[in-house]
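Accompanying notes for the structure given below.
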Amino acid sequence: MENALLPKKAKLVKIEDLSPDVKLLRVKLSNSSFPTNDSGLTFNPGQFMLLGVWGYGESPFGPSSSPYEAGFIDFGVRNVGVVTKHLHELEVGDTVTLRGPYGNGYPLNSMQGKDIVMVTGGCGIPPIASLIEYLIKNRKSFGKIYLIYGAAAPDNLLFRNSYLRWQKAIEIILTVDKPSPDWKGCTGFVNAHLGKVKVDPDNTLVAACGPGPMTAALAKTLGGMGISKRQFFVSEERRMSCGIGRCQHCTCGDTYVCLDGPVFSYDQVEGVWD
Amino acid sequence: MAKIIPEKEIPSLASELTKTHTVYAPVIKGDETVFSEINDSAEIALNYSQTPLPPKMYFLPANEELFKVVDDELQKAGGIKPFIVFLNLKDLKAVNYLDKIMQKEPADTFYLQRRSVSTLVATTESAVGSHNGSDLTLEKRNNSTYLAHSFTEKGNKILKSSLFKEAPIPEKSAQEPLPNHFDELLLDSGLLAQAVEWSRENSPSTWEALGKICLSCGICTYVCPLCFCTSTEDKTSIDGSECTRCRKWDACTLPRFAQVAGGHNFRPTQKDRYYNWFYHKFVRAYKEFGQAQCVACGRCQKYCPAGIDIEKILTRLVEDYKKAHTKKT
């Protein structure tokens with residue numbers, strides 16, 4: 001019987017500052033590449049993995065690298081708690097632990113042939129970044145593709161090195177709350193810029209990752225555009241410990257965010273009391 | 001012919017079993033009956049009603065070492081010595097339900113390993129019919145005699161002891177215990193689930209009031225034979241060369257149970273957390289496993305330092321739910 005709580009040992013092969021408090025950590029297995037699922041992906045964009053350091057514990061993160069990349073997996077880690085503080089102190093060559101991927105991920109099959117709008121804020125972008133890589137790799141299977149990405153200030157926008165490459169295939173709208181003098185993008189909340197998106201509402205799927213107030217505002221604006229809550233997919237954040245539907249930390253009413261999510265259509269989460 | 005054992009020989013049986021197994025059983029200590037590892041002279045409290053800590057602690061320890069890493073290398077875990085637990089039928093039922101929970105894929109290998117090396121010996125005054133989930137059940141037939149029912153190979157092994165004698169099945173004179181009101185409530189898990197779910201919106205004052213009374217100490221969860229929520233925690237040796245990943249009992253009523261890094265708490269009030277405790281046991285568990293996660297052992301109410309009577313709450317919720325339902329139809 002496989003021990004579901006036993007993590008794999010992985011090595012940090014690259015560390016990069018993405019913003020003042022977010023680092024990109026690239027991990028690699030010692031002797032092999034990562035296994036792939038039935039679709040040939042290392043994970044489904046939107047699934048999460050438990051990345052950890054022996055001695056300090058493990059925390060859930062949505063990988064940000066291309067799901068077609070089996071040699072390594074990238075994580076965008078914000079220094080915000082005990083585990084992430086220690087992840088930030090590691091150096092290239094250090095050992096980390098890894099479990100997963102867990103959960104469902106964004107509905108890739110339902111996205112085929114549709115216009116795709118991705119909306120995210122701040123630290124919600126890693127799983128969206130991996131979804132972008134998936135969409136670009138299969139660019140011909142989709143209609144128009146937009147990314148609306150908001151952050152507190154230009155310095156807090158993550159994956160800045162990727163924008164030029166992404167822009168060749170998708171439209172990007174960047175927005176910040178506090179612009180710097182040389183800022184050329186938009187300002188304000190992400191949902192204020194949904195009007196710039198030119199999509200066929202009946203044939204559009206929206207993928208978001210961000211805090212509750214952001215997704216609630218988005219649902220309202222999208223409704224006005226004729227995009228229903230069933231076409232709007234959000235990734236839910238909860239505390240996770242086991243990742244496999246047992247420890248009870250991530251429960252939300254009748255659902256286990258780790259098993260049934262973390263991605264839900266908005267009609268599934270709207271108004272849920274828990 | 002059947003196998004019987006005189007009541008006065010049961011301590012000798014337990015003591016005989018300690019030669020090959022670690023034996024845990026309810027014993028009287030001061031004013032309480034507690035589960036304890038027993039030695040040869042121990043008296044077993046065969047007819048206990050509650051112990052503060054339930055037998056789940058032998059299968060899902062309060063603090064369990066999952067992995068040990070020394071100098072970056074994972075150490076092989078040592079085996080667990082076979083053990084025997086003497087328990088009553090309610091605690092047995094709880095272990096059987098925990099088995100079901102832990103067997104659900106992906107299975108909990110740590111729990112199942114402990115279960116695979118354990119033998120459950122149930123003691124009861126009720127008549128025993130078909131397989132009840134124990135390996136061996138000792139049924140009290142009269143003041144001095146117990147009738148043995150073995151259901152598994154592990155049970156058969158214990159029956160080989162010369163303390164068991166071949167005899168005709170003794171006449172039953174021991175009083176059959178009557179089900180109490182809590183037991184009866186649990187017979188309709190579906191109704192309980194509906195009532196608890198209904199009460200969130202239709203009886204908010206119940207939960208407001210309980211949120212104020214509950215001390216968020218977690219005791220109801222720790223003493224519950226079926227609560228199983230956990231957290232993991234790593235411990236390191238002072239020089240950093242050794243690390244152990246431990247799994248510890250947690251409690252969903254504790255303030256930070258649903259708090260994420262950065263400080264956001266998804267269940268910020270005691271009312272939220274206390275309702276979730278009920279919701280998990282009586283609603284989510286019912287939807288997931290078809291049965292409330294409760295065996296009416298009464299520990300949660302006996303040991304609640306705030307004196308919350310859970311049976312009373314459930315009874316009232318069911319009554320209110322029925323009343324509201326009758327009015328509508």
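Chain identifiers are assigned as A, B, and so on, following the order in which chains appear in the structure tokens; residues are numbered from 1 within each chain, and ligands are numbered from 1 in order of appearance.
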
Only residues of chain A matter here; which ones have an atom within 9 Å of chain B, counting only C-alpha atoms? Give them as a short mmCIF file (atom, residue, chain, number, x, y, z; two decimals) with all heavy atoms, in the first residue's frame.
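Final output, result_6.cif:
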data_model
loop_
_atom_site.label_atom_id
_atom_site.label_comp_id
_atom_site.auth_asym_id
_atom_site.auth_seq_id
_atom_site.Cartn_x
_atom_site.Cartn_y
_atom_site.Cartn_z
N MET A 1 0.85 -1.20 0.00
CA MET A 1 0.00 0.00 0.00
C MET A 1 0.88 1.25 0.00
O MET A 1 1.82 1.34 0.78
CB MET A 1 -0.88 -0.02 1.25
CG MET A 1 -2.15 0.78 1.09
SD MET A 1 -3.04 0.86 2.65
CE MET A 1 -3.29 -0.86 3.04
N GLU A 2 0.56 2.17 -0.89
CA GLU A 2 1.39 3.37 -0.98
C GLU A 2 1.11 4.31 0.19
O GLU A 2 -0.02 4.49 0.59
CB GLU A 2 1.10 4.08 -2.30
CG GLU A 2 2.25 4.96 -2.73
CD GLU A 2 1.95 5.70 -4.02
OE1 GLU A 2 1.28 5.11 -4.89
OE2 GLU A 2 2.35 6.87 -4.11
N ASN A 3 2.16 4.87 0.73
CA ASN A 3 2.01 5.82 1.83
C ASN A 3 1.77 7.22 1.27
O ASN A 3 2.68 7.86 0.76
CB ASN A 3 3.28 5.79 2.68
CG ASN A 3 3.14 6.63 3.92
OD1 ASN A 3 2.35 7.56 3.95
ND2 ASN A 3 3.90 6.29 4.92
N ALA A 4 0.53 7.67 1.37
CA ALA A 4 0.14 8.92 0.71
C ALA A 4 0.77 10.15 1.35
O ALA A 4 0.79 11.21 0.74
CB ALA A 4 -1.38 9.05 0.73
N LEU A 5 1.26 10.02 2.57
CA LEU A 5 1.82 11.21 3.23
C LEU A 5 3.33 11.33 3.04
O LEU A 5 3.93 12.32 3.45
CB LEU A 5 1.50 11.16 4.74
CG LEU A 5 0.02 11.21 5.11
CD1 LEU A 5 -0.17 11.11 6.61
CD2 LEU A 5 -0.64 12.47 4.58
N LEU A 6 3.93 10.31 2.43
CA LEU A 6 5.38 10.33 2.25
C LEU A 6 5.75 11.21 1.05
O LEU A 6 5.39 10.91 -0.07
CB LEU A 6 5.92 8.91 2.04
CG LEU A 6 7.43 8.80 1.84
CD1 LEU A 6 8.19 9.24 3.09
CD2 LEU A 6 7.83 7.38 1.46
N TRP A 54 12.03 19.69 5.40
CA TRP A 54 12.09 18.86 6.61
C TRP A 54 12.45 19.75 7.78
O TRP A 54 13.37 20.55 7.71
CB TRP A 54 13.15 17.75 6.47
CG TRP A 54 12.72 16.60 5.62
CD1 TRP A 54 13.33 16.18 4.47
CD2 TRP A 54 11.62 15.71 5.83
NE1 TRP A 54 12.67 15.09 3.96
CE2 TRP A 54 11.62 14.77 4.77
CE3 TRP A 54 10.62 15.60 6.82
CZ2 TRP A 54 10.68 13.75 4.66
CZ3 TRP A 54 9.68 14.58 6.70
CH2 TRP A 54 9.72 13.67 5.64
N GLY A 55 11.72 19.61 8.85
CA GLY A 55 12.00 20.40 10.04
C GLY A 55 11.05 21.57 10.20
O GLY A 55 10.94 22.13 11.28
N TYR A 56 10.37 21.94 9.12
CA TYR A 56 9.48 23.10 9.21
C TYR A 56 8.07 22.82 8.68
O TYR A 56 7.16 23.59 8.92
CB TYR A 56 10.10 24.30 8.48
CG TYR A 56 11.43 24.66 9.07
CD1 TYR A 56 12.61 24.21 8.47
CD2 TYR A 56 11.52 25.37 10.26
CE1 TYR A 56 13.84 24.49 9.04
CE2 TYR A 56 12.74 25.65 10.84
CZ TYR A 56 13.90 25.20 10.23
OH TYR A 56 15.11 25.47 10.81
N GLY A 57 7.91 21.74 7.93
CA GLY A 57 6.57 21.39 7.47
C GLY A 57 6.37 21.61 5.98
O GLY A 57 7.33 21.86 5.24
N GLU A 58 5.14 21.48 5.55
CA GLU A 58 4.82 21.63 4.13
C GLU A 58 3.60 22.53 3.97
O GLU A 58 2.76 22.63 4.86
CB GLU A 58 4.59 20.27 3.46
CG GLU A 58 3.80 19.29 4.29
CD GLU A 58 3.74 17.87 3.68
OE1 GLU A 58 4.56 17.53 2.81
OE2 GLU A 58 2.86 17.11 4.12
N VAL A 80 5.36 34.47 3.87
CA VAL A 80 4.20 34.92 4.64
C VAL A 80 3.96 34.10 5.91
O VAL A 80 3.26 34.52 6.81
CB VAL A 80 2.95 34.94 3.71
CG1 VAL A 80 2.52 33.52 3.39
CG2 VAL A 80 1.80 35.72 4.29
N GLY A 81 4.60 32.94 6.01
CA GLY A 81 4.38 32.10 7.20
C GLY A 81 5.66 31.34 7.55
O GLY A 81 6.73 31.63 7.02
N VAL A 82 5.50 30.33 8.42
CA VAL A 82 6.68 29.60 8.91
C VAL A 82 7.37 28.83 7.78
O VAL A 82 8.59 28.92 7.60
CB VAL A 82 6.25 28.61 10.03
CG1 VAL A 82 7.43 27.76 10.48
CG2 VAL A 82 5.66 29.38 11.20
N THR A 84 7.02 29.14 4.46
CA THR A 84 7.51 29.98 3.36
C THR A 84 8.75 30.77 3.78
O THR A 84 9.64 31.01 2.98
CB THR A 84 6.41 30.93 2.87
OG1 THR A 84 5.86 31.62 3.99
CG2 THR A 84 5.30 30.18 2.17
N THR A 95 17.72 20.61 -0.28
CA THR A 95 16.66 19.63 -0.47
C THR A 95 15.32 20.19 -0.02
O THR A 95 15.23 20.85 1.01
CB THR A 95 16.97 18.38 0.39
OG1 THR A 95 18.25 17.90 -0.01
CG2 THR A 95 15.95 17.28 0.17
N GLU A 237 -8.94 29.20 -1.67
CA GLU A 237 -7.83 28.99 -0.74
C GLU A 237 -8.38 28.50 0.60
O GLU A 237 -9.39 29.00 1.08
CB GLU A 237 -7.10 30.32 -0.51
CG GLU A 237 -5.89 30.17 0.39
CD GLU A 237 -5.30 31.50 0.86
OE1 GLU A 237 -5.99 32.52 0.77
OE2 GLU A 237 -4.15 31.48 1.33
N ARG A 238 -7.76 27.50 1.18
CA ARG A 238 -8.09 27.04 2.52
C ARG A 238 -6.82 26.53 3.17
O ARG A 238 -5.84 26.24 2.49
CB ARG A 238 -9.10 25.87 2.49
CG ARG A 238 -10.56 26.28 2.24
CD ARG A 238 -11.13 27.11 3.37
NE ARG A 238 -12.53 27.42 3.18
CZ ARG A 238 -13.03 28.37 2.40
NH1 ARG A 238 -12.20 29.11 1.69
NH2 ARG A 238 -14.32 28.58 2.29
N ARG A 239 -6.85 26.37 4.49
CA ARG A 239 -5.71 25.75 5.14
C ARG A 239 -5.69 24.27 4.74
O ARG A 239 -6.73 23.63 4.70
CB ARG A 239 -5.84 25.89 6.65
CG ARG A 239 -4.69 25.21 7.36
CD ARG A 239 -4.51 25.67 8.77
NE ARG A 239 -3.66 24.73 9.46
CZ ARG A 239 -3.63 24.57 10.75
NH1 ARG A 239 -4.41 25.30 11.52
NH2 ARG A 239 -2.84 23.69 11.31
N MET A 240 -4.52 23.75 4.43
CA MET A 240 -4.39 22.34 4.06
C MET A 240 -3.34 21.70 4.96
O MET A 240 -2.32 22.32 5.26
CB MET A 240 -3.87 22.20 2.61
CG MET A 240 -4.65 22.98 1.60
SD MET A 240 -5.76 21.92 0.72
CE MET A 240 -6.56 23.10 -0.34
N SER A 241 -3.59 20.46 5.31
CA SER A 241 -2.55 19.73 6.03
C SER A 241 -2.26 18.43 5.30
O SER A 241 -1.17 18.24 4.79
CB SER A 241 -2.96 19.48 7.48
OG SER A 241 -1.97 18.78 8.16
N CYS A 242 -3.25 17.54 5.19
CA CYS A 242 -2.96 16.25 4.56
C CYS A 242 -3.02 16.32 3.04
O CYS A 242 -2.29 15.61 2.36
CB CYS A 242 -3.89 15.17 5.09
SG CYS A 242 -5.59 15.28 4.48
N ILE A 244 -5.29 15.17 1.21
CA ILE A 244 -5.96 14.00 0.63
C ILE A 244 -7.33 13.75 1.24
O ILE A 244 -7.81 12.61 1.26
CB ILE A 244 -5.06 12.74 0.75
CG1 ILE A 244 -4.62 12.55 2.21
CG2 ILE A 244 -3.86 12.85 -0.17
CD1 ILE A 244 -3.84 11.27 2.46
N GLY A 245 -7.96 14.79 1.76
CA GLY A 245 -9.36 14.66 2.18
C GLY A 245 -9.59 14.00 3.51
O GLY A 245 -10.64 13.39 3.72
N ARG A 246 -8.63 14.10 4.44
CA ARG A 246 -8.87 13.45 5.71
C ARG A 246 -8.76 14.38 6.92
O ARG A 246 -9.60 14.31 7.81
CB ARG A 246 -7.91 12.25 5.88
CG ARG A 246 -8.35 11.33 6.98
CD ARG A 246 -7.74 9.97 6.88
NE ARG A 246 -8.46 9.13 5.95
CZ ARG A 246 -7.92 8.59 4.87
NH1 ARG A 246 -6.67 8.82 4.56
NH2 ARG A 246 -8.63 7.83 4.07
N CYS A 247 -7.80 15.27 6.92
CA CYS A 247 -7.49 16.03 8.15
C CYS A 247 -8.55 17.04 8.53
O CYS A 247 -8.55 17.55 9.65
CB CYS A 247 -6.14 16.70 8.03
SG CYS A 247 -6.16 18.16 6.98
N GLN A 248 -9.46 17.39 7.59
CA GLN A 248 -10.62 18.26 7.85
C GLN A 248 -10.32 19.76 7.85
O GLN A 248 -11.22 20.57 8.03
CB GLN A 248 -11.31 17.90 9.18
CG GLN A 248 -11.81 16.47 9.25
CD GLN A 248 -12.94 16.19 8.26
OE1 GLN A 248 -13.84 16.99 8.09
NE2 GLN A 248 -12.85 15.08 7.56
N HIS A 249 -9.07 20.17 7.67
CA HIS A 249 -8.77 21.61 7.72
C HIS A 249 -9.41 22.40 6.59
O HIS A 249 -9.79 23.54 6.76
CB HIS A 249 -7.25 21.84 7.71
CG HIS A 249 -6.62 21.55 9.02
ND1 HIS A 249 -6.64 22.42 10.07
CD2 HIS A 249 -5.98 20.45 9.48
CE1 HIS A 249 -6.03 21.89 11.11
NE2 HIS A 249 -5.62 20.68 10.77
N CYS A 250 -9.51 21.80 5.40
CA CYS A 250 -9.93 22.59 4.23
C CYS A 250 -11.41 22.45 3.92
O CYS A 250 -11.87 22.93 2.90
CB CYS A 250 -9.12 22.16 3.01
SG CYS A 250 -9.62 20.56 2.36
N THR A 251 -12.18 21.80 4.81
CA THR A 251 -13.59 21.57 4.48
C THR A 251 -14.33 22.89 4.35
O THR A 251 -14.00 23.88 4.99
CB THR A 251 -14.31 20.71 5.53
OG1 THR A 251 -14.25 21.40 6.77
CG2 THR A 251 -13.69 19.34 5.64
N GLY A 253 -18.39 23.51 4.05
CA GLY A 253 -19.70 22.89 3.91
C GLY A 253 -19.52 21.41 3.63
O GLY A 253 -18.91 20.69 4.41
N ASP A 254 -20.04 20.96 2.48
CA ASP A 254 -19.97 19.54 2.15
C ASP A 254 -18.73 19.18 1.34
O ASP A 254 -18.53 18.02 1.01
CB ASP A 254 -21.20 19.14 1.33
CG ASP A 254 -22.47 19.26 2.15
OD1 ASP A 254 -22.38 19.10 3.38
OD2 ASP A 254 -23.53 19.52 1.56
N THR A 255 -17.93 20.18 0.97
CA THR A 255 -16.83 19.87 0.07
C THR A 255 -15.49 19.89 0.79
O THR A 255 -15.31 20.56 1.81
CB THR A 255 -16.75 20.87 -1.10
OG1 THR A 255 -16.62 22.17 -0.54
CG2 THR A 255 -17.96 20.82 -1.98
N ASP A 274 -19.98 28.20 4.68
CA ASP A 274 -18.73 27.88 5.38
C ASP A 274 -17.53 28.49 4.69
O ASP A 274 -17.37 28.32 3.50
CB ASP A 274 -18.57 26.36 5.44
CG ASP A 274 -17.54 25.94 6.48
OD1 ASP A 274 -17.11 26.79 7.27
OD2 ASP A 274 -17.19 24.75 6.50
#

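Using only C-alpha atoms, the protein and nucleic acid residues lying no more than 7 Å from segment 46-49 of chain A, apart from those fewer than 2 places from it along its own chain, are A:Phe43, A:Asn44, A:Leu51, A:Pro60, A:Phe61, A:Gly62, A:Pro63, A:Leu98, A:Arg99, A:Gly100, A:Pro101, A:Tyr102, A:Gly103, A:Asn104, A:Gly105, A:Tyr106, A:Pro127, A:Val263.
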
Kindly export the residues of the current selection with N, CA, C and O atoms, as an mmCIF file, in the first residue's frame.
data_model
loop_
_atom_site.group_PDB
_atom_site.id
_atom_site.type_symbol
_atom_site.label_atom_id
_atom_site.label_comp_id
_atom_site.auth_asym_id
_atom_site.auth_seq_id
_atom_site.Cartn_x
_atom_site.Cartn_y
_atom_site.Cartn_z
ATOM 1 N N PHE A 43 1.025 18.054 -14.259
ATOM 2 C CA PHE A 43 -0.090 18.383 -13.360
ATOM 3 C C PHE A 43 -1.097 19.134 -14.203
ATOM 4 O O PHE A 43 -0.764 19.618 -15.289
ATOM 5 N N ASN A 44 -2.331 19.242 -13.749
ATOM 6 C CA ASN A 44 -3.295 20.114 -14.423
ATOM 7 C C ASN A 44 -3.131 21.510 -13.857
ATOM 8 O O ASN A 44 -3.143 21.658 -12.629
ATOM 9 N N LEU A 51 4.664 21.569 -0.970
ATOM 10 C CA LEU A 51 6.108 21.777 -1.004
ATOM 11 C C LEU A 51 6.545 22.028 0.436
ATOM 12 O O LEU A 51 5.870 22.768 1.163
ATOM 13 N N PRO A 60 0.672 24.225 0.787
ATOM 14 C CA PRO A 60 0.171 24.021 -0.575
ATOM 15 C C PRO A 60 0.514 25.184 -1.517
ATOM 16 O O PRO A 60 0.407 26.347 -1.129
ATOM 17 N N PHE A 61 0.929 24.850 -2.724
ATOM 18 C CA PHE A 61 1.222 25.853 -3.753
ATOM 19 C C PHE A 61 0.742 25.339 -5.100
ATOM 20 O O PHE A 61 0.876 24.153 -5.387
ATOM 21 N N GLY A 62 0.241 26.235 -5.926
ATOM 22 C CA GLY A 62 -0.093 25.883 -7.300
ATOM 23 C C GLY A 62 1.133 26.101 -8.163
ATOM 24 O O GLY A 62 1.641 27.220 -8.215
ATOM 25 N N PRO A 63 1.645 25.063 -8.838
ATOM 26 C CA PRO A 63 2.836 25.235 -9.673
ATOM 27 C C PRO A 63 2.602 26.301 -10.744
ATOM 28 O O PRO A 63 1.482 26.473 -11.216
ATOM 29 N N LEU A 98 8.248 17.180 -1.605
ATOM 30 C CA LEU A 98 7.171 17.478 -2.528
ATOM 31 C C LEU A 98 6.155 16.331 -2.545
ATOM 32 O O LEU A 98 6.527 15.161 -2.593
ATOM 33 N N ARG A 99 4.869 16.693 -2.459
ATOM 34 C CA ARG A 99 3.787 15.704 -2.601
ATOM 35 C C ARG A 99 2.773 16.243 -3.577
ATOM 36 O O ARG A 99 2.588 17.438 -3.706
ATOM 37 N N GLY A 100 2.054 15.367 -4.238
ATOM 38 C CA GLY A 100 1.001 15.797 -5.156
ATOM 39 C C GLY A 100 1.393 15.470 -6.586
ATOM 40 O O GLY A 100 2.294 14.673 -6.796
ATOM 41 N N PRO A 101 0.731 16.017 -7.575
ATOM 42 C CA PRO A 101 -0.310 17.049 -7.500
ATOM 43 C C PRO A 101 -1.639 16.529 -6.954
ATOM 44 O O PRO A 101 -1.949 15.357 -7.092
ATOM 45 N N TYR A 102 -2.382 17.450 -6.302
ATOM 46 C CA TYR A 102 -3.668 17.119 -5.715
ATOM 47 C C TYR A 102 -4.765 18.030 -6.267
ATOM 48 O O TYR A 102 -4.492 19.125 -6.745
ATOM 49 N N GLY A 103 -5.986 17.591 -6.127
ATOM 50 C CA GLY A 103 -7.141 18.408 -6.514
ATOM 51 C C GLY A 103 -7.427 18.300 -8.006
ATOM 52 O O GLY A 103 -6.875 17.449 -8.699
ATOM 53 N N ASN A 104 -8.314 19.187 -8.476
ATOM 54 C CA ASN A 104 -8.810 19.038 -9.850
ATOM 55 C C ASN A 104 -8.099 19.900 -10.889
ATOM 56 O O ASN A 104 -7.803 19.440 -11.975
ATOM 57 N N GLY A 105 -7.850 21.154 -10.600
ATOM 58 C CA GLY A 105 -7.295 22.065 -11.604
ATOM 59 C C GLY A 105 -8.401 22.697 -12.436
ATOM 60 O O GLY A 105 -9.588 22.377 -12.293
ATOM 61 N N TYR A 106 -8.013 23.634 -13.311
ATOM 62 C CA TYR A 106 -8.997 24.324 -14.166
ATOM 63 C C TYR A 106 -9.552 23.343 -15.202
ATOM 64 O O TYR A 106 -8.857 22.392 -15.598
ATOM 65 N N PRO A 127 -0.766 29.619 -10.478
ATOM 66 C CA PRO A 127 -1.507 28.615 -11.260
ATOM 67 C C PRO A 127 -1.998 29.161 -12.597
ATOM 68 O O PRO A 127 -2.099 28.414 -13.581
ATOM 69 N N VAL A 263 -10.426 24.180 -7.578
ATOM 70 C CA VAL A 263 -11.124 25.004 -8.566
ATOM 71 C C VAL A 263 -12.612 24.637 -8.576
ATOM 72 O O VAL A 263 -12.964 23.456 -8.672
#

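Atom CA of Thr123 of chain B is found 19.7 Å from atom CA of Pro168 of chain B.
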
Rounded to one decimal in Å, what is the spacing between atom CA of Asn47 of chain B and atom CA of Asp31 of chain B?
14.9 Å

Please list as a PyMOL selection string every residue within 12 Å of Lys220 of chain A, counting only C-alpha atoms and excluding residues in the same chain fewer than 3 positions away.
chain A and resi 191-192+194+213-217+223-229+232+266-267+270

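Distance-wise, atom CA of Leu87 of chain B and atom CA of Thr137 of chain B end up 9.4 Å apart.
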
List the neighbours of Ala296 of chain B out to 10 Å using only C-alpha atoms; skip same-chain residues closer than 3 positions along the sequence, and give me the result as a PDB file with N, CA, C and O atoms, in the first residue's frame.
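Produced file part20.pdb, reproduced below:
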ATOM      1  N   LYS B  90     -19.924   0.133  22.090  1.00  0.00           N
ATOM      2  CA  LYS B  90     -19.961   1.469  21.491  1.00  0.00           C
ATOM      3  C   LYS B  90     -18.585   1.857  20.984  1.00  0.00           C
ATOM      4  O   LYS B  90     -18.438   2.396  19.879  1.00  0.00           O
ATOM      5  N   ASP B  91     -17.577   1.591  21.787  1.00  0.00           N
ATOM      6  CA  ASP B  91     -16.223   1.911  21.344  1.00  0.00           C
ATOM      7  C   ASP B  91     -15.821   1.036  20.155  1.00  0.00           C
ATOM      8  O   ASP B  91     -15.107   1.474  19.255  1.00  0.00           O
ATOM      9  N   ALA B  94     -17.272   2.497  17.113  1.00  0.00           N
ATOM     10  CA  ALA B  94     -16.505   3.671  16.694  1.00  0.00           C
ATOM     11  C   ALA B  94     -15.240   3.257  15.952  1.00  0.00           C
ATOM     12  O   ALA B  94     -14.891   3.840  14.913  1.00  0.00           O
ATOM     13  N   ASN B 180     -30.575   4.012  25.384  1.00  0.00           N
ATOM     14  CA  ASN B 180     -31.006   5.271  25.975  1.00  0.00           C
ATOM     15  C   ASN B 180     -31.522   6.201  24.879  1.00  0.00           C
ATOM     16  O   ASN B 180     -31.522   5.865  23.698  1.00  0.00           O
ATOM     17  N   HIS B 181     -31.942   7.385  25.270  1.00  0.00           N
ATOM     18  CA  HIS B 181     -32.542   8.316  24.323  1.00  0.00           C
ATOM     19  C   HIS B 181     -31.561   8.720  23.218  1.00  0.00           C
ATOM     20  O   HIS B 181     -31.923   8.835  22.048  1.00  0.00           O
ATOM     21  N   PHE B 182     -30.291   8.903  23.596  1.00  0.00           N
ATOM     22  CA  PHE B 182     -29.263   9.298  22.623  1.00  0.00           C
ATOM     23  C   PHE B 182     -29.104   8.205  21.567  1.00  0.00           C
ATOM     24  O   PHE B 182     -29.028   8.475  20.361  1.00  0.00           O
ATOM     25  N   ASP B 183     -29.089   6.947  22.017  1.00  0.00           N
ATOM     26  CA  ASP B 183     -28.985   5.822  21.062  1.00  0.00           C
ATOM     27  C   ASP B 183     -30.139   5.874  20.073  1.00  0.00           C
ATOM     28  O   ASP B 183     -29.959   5.638  18.872  1.00  0.00           O
ATOM     29  N   GLU B 184     -31.315   6.175  20.599  1.00  0.00           N
ATOM     30  CA  GLU B 184     -32.506   6.198  19.735  1.00  0.00           C
ATOM     31  C   GLU B 184     -32.441   7.329  18.720  1.00  0.00           C
ATOM     32  O   GLU B 184     -32.826   7.168  17.569  1.00  0.00           O
ATOM     33  N   LEU B 185     -31.928   8.492  19.178  1.00  0.00           N
ATOM     34  CA  LEU B 185     -31.750   9.624  18.257  1.00  0.00           C
ATOM     35  C   LEU B 185     -30.887   9.230  17.066  1.00  0.00           C
ATOM     36  O   LEU B 185     -31.159   9.587  15.923  1.00  0.00           O
ATOM     37  N   LEU B 186     -29.832   8.454  17.379  1.00  0.00           N
ATOM     38  CA  LEU B 186     -28.867   8.098  16.331  1.00  0.00           C
ATOM     39  C   LEU B 186     -29.399   7.078  15.339  1.00  0.00           C
ATOM     40  O   LEU B 186     -28.796   6.860  14.287  1.00  0.00           O
ATOM     41  N   CYS B 224     -13.744  12.267  21.863  1.00  0.00           N
ATOM     42  CA  CYS B 224     -14.654  11.578  20.937  1.00  0.00           C
ATOM     43  C   CYS B 224     -13.972  10.348  20.341  1.00  0.00           C
ATOM     44  O   CYS B 224     -12.851  10.442  19.853  1.00  0.00           O
ATOM     45  N   PRO B 225     -14.628   9.178  20.369  1.00  0.00           N
ATOM     46  CA  PRO B 225     -13.998   7.983  19.810  1.00  0.00           C
ATOM     47  C   PRO B 225     -13.939   8.009  18.283  1.00  0.00           C
ATOM     48  O   PRO B 225     -13.327   7.157  17.665  1.00  0.00           O
ATOM     49  N   GLN B 293     -21.360  10.515  12.550  1.00  0.00           N
ATOM     50  CA  GLN B 293     -20.113  10.087  13.188  1.00  0.00           C
ATOM     51  C   GLN B 293     -20.242  10.263  14.699  1.00  0.00           C
ATOM     52  O   GLN B 293     -19.628  11.150  15.304  1.00  0.00           O
ATOM     53  N   ARG B 299     -19.240  10.857  25.933  1.00  0.00           N
ATOM     54  CA  ARG B 299     -18.009  11.470  26.456  1.00  0.00           C
ATOM     55  C   ARG B 299     -18.024  12.988  26.286  1.00  0.00           C
ATOM     56  O   ARG B 299     -17.655  13.729  27.185  1.00  0.00           O
ATOM     57  N   CYS B 300     -18.442  13.461  25.092  1.00  0.00           N
ATOM     58  CA  CYS B 300     -18.329  14.902  24.817  1.00  0.00           C
ATOM     59  C   CYS B 300     -19.101  15.715  25.839  1.00  0.00           C
ATOM     60  O   CYS B 300     -18.660  16.785  26.246  1.00  0.00           O
ATOM     61  N   ILE B 310     -24.879  17.876  24.616  1.00  0.00           N
ATOM     62  CA  ILE B 310     -25.058  17.711  23.170  1.00  0.00           C
ATOM     63  C   ILE B 310     -26.327  16.918  22.831  1.00  0.00           C
ATOM     64  O   ILE B 310     -27.026  17.211  21.869  1.00  0.00           O
ATOM     65  N   GLU B 311     -26.619  15.941  23.675  1.00  0.00           N
ATOM     66  CA  GLU B 311     -27.833  15.146  23.460  1.00  0.00           C
ATOM     67  C   GLU B 311     -29.079  16.045  23.525  1.00  0.00           C
ATOM     68  O   GLU B 311     -29.980  15.943  22.702  1.00  0.00           O
TER      69      GLU B 311
END

Report as a VMD selection string: the residues of segment 73-247 of chain B with a DSSP assignment of strand (DSSP E), based on the backbone of this structure.
chain B and resid 73 to 74 83 to 87 118 to 124 136 to 142 145 to 150 165 to 167 230 to 236 242 to 247

Quick one: everything within 10 Å of Ser66 of chain A, counting only C-alpha atoms, minus sequence neighbours fewer than 5 positions away in the same chain. Send it as a list in words.
Leu41, Thr42, Phe43, Asn44, Pro45, Phe72, Ile73, Asp74, Pro127, Ala129, Ser130, Leu131, Ile132, Glu133, Tyr134, Leu135, Ile136 and Lys137 of chain A
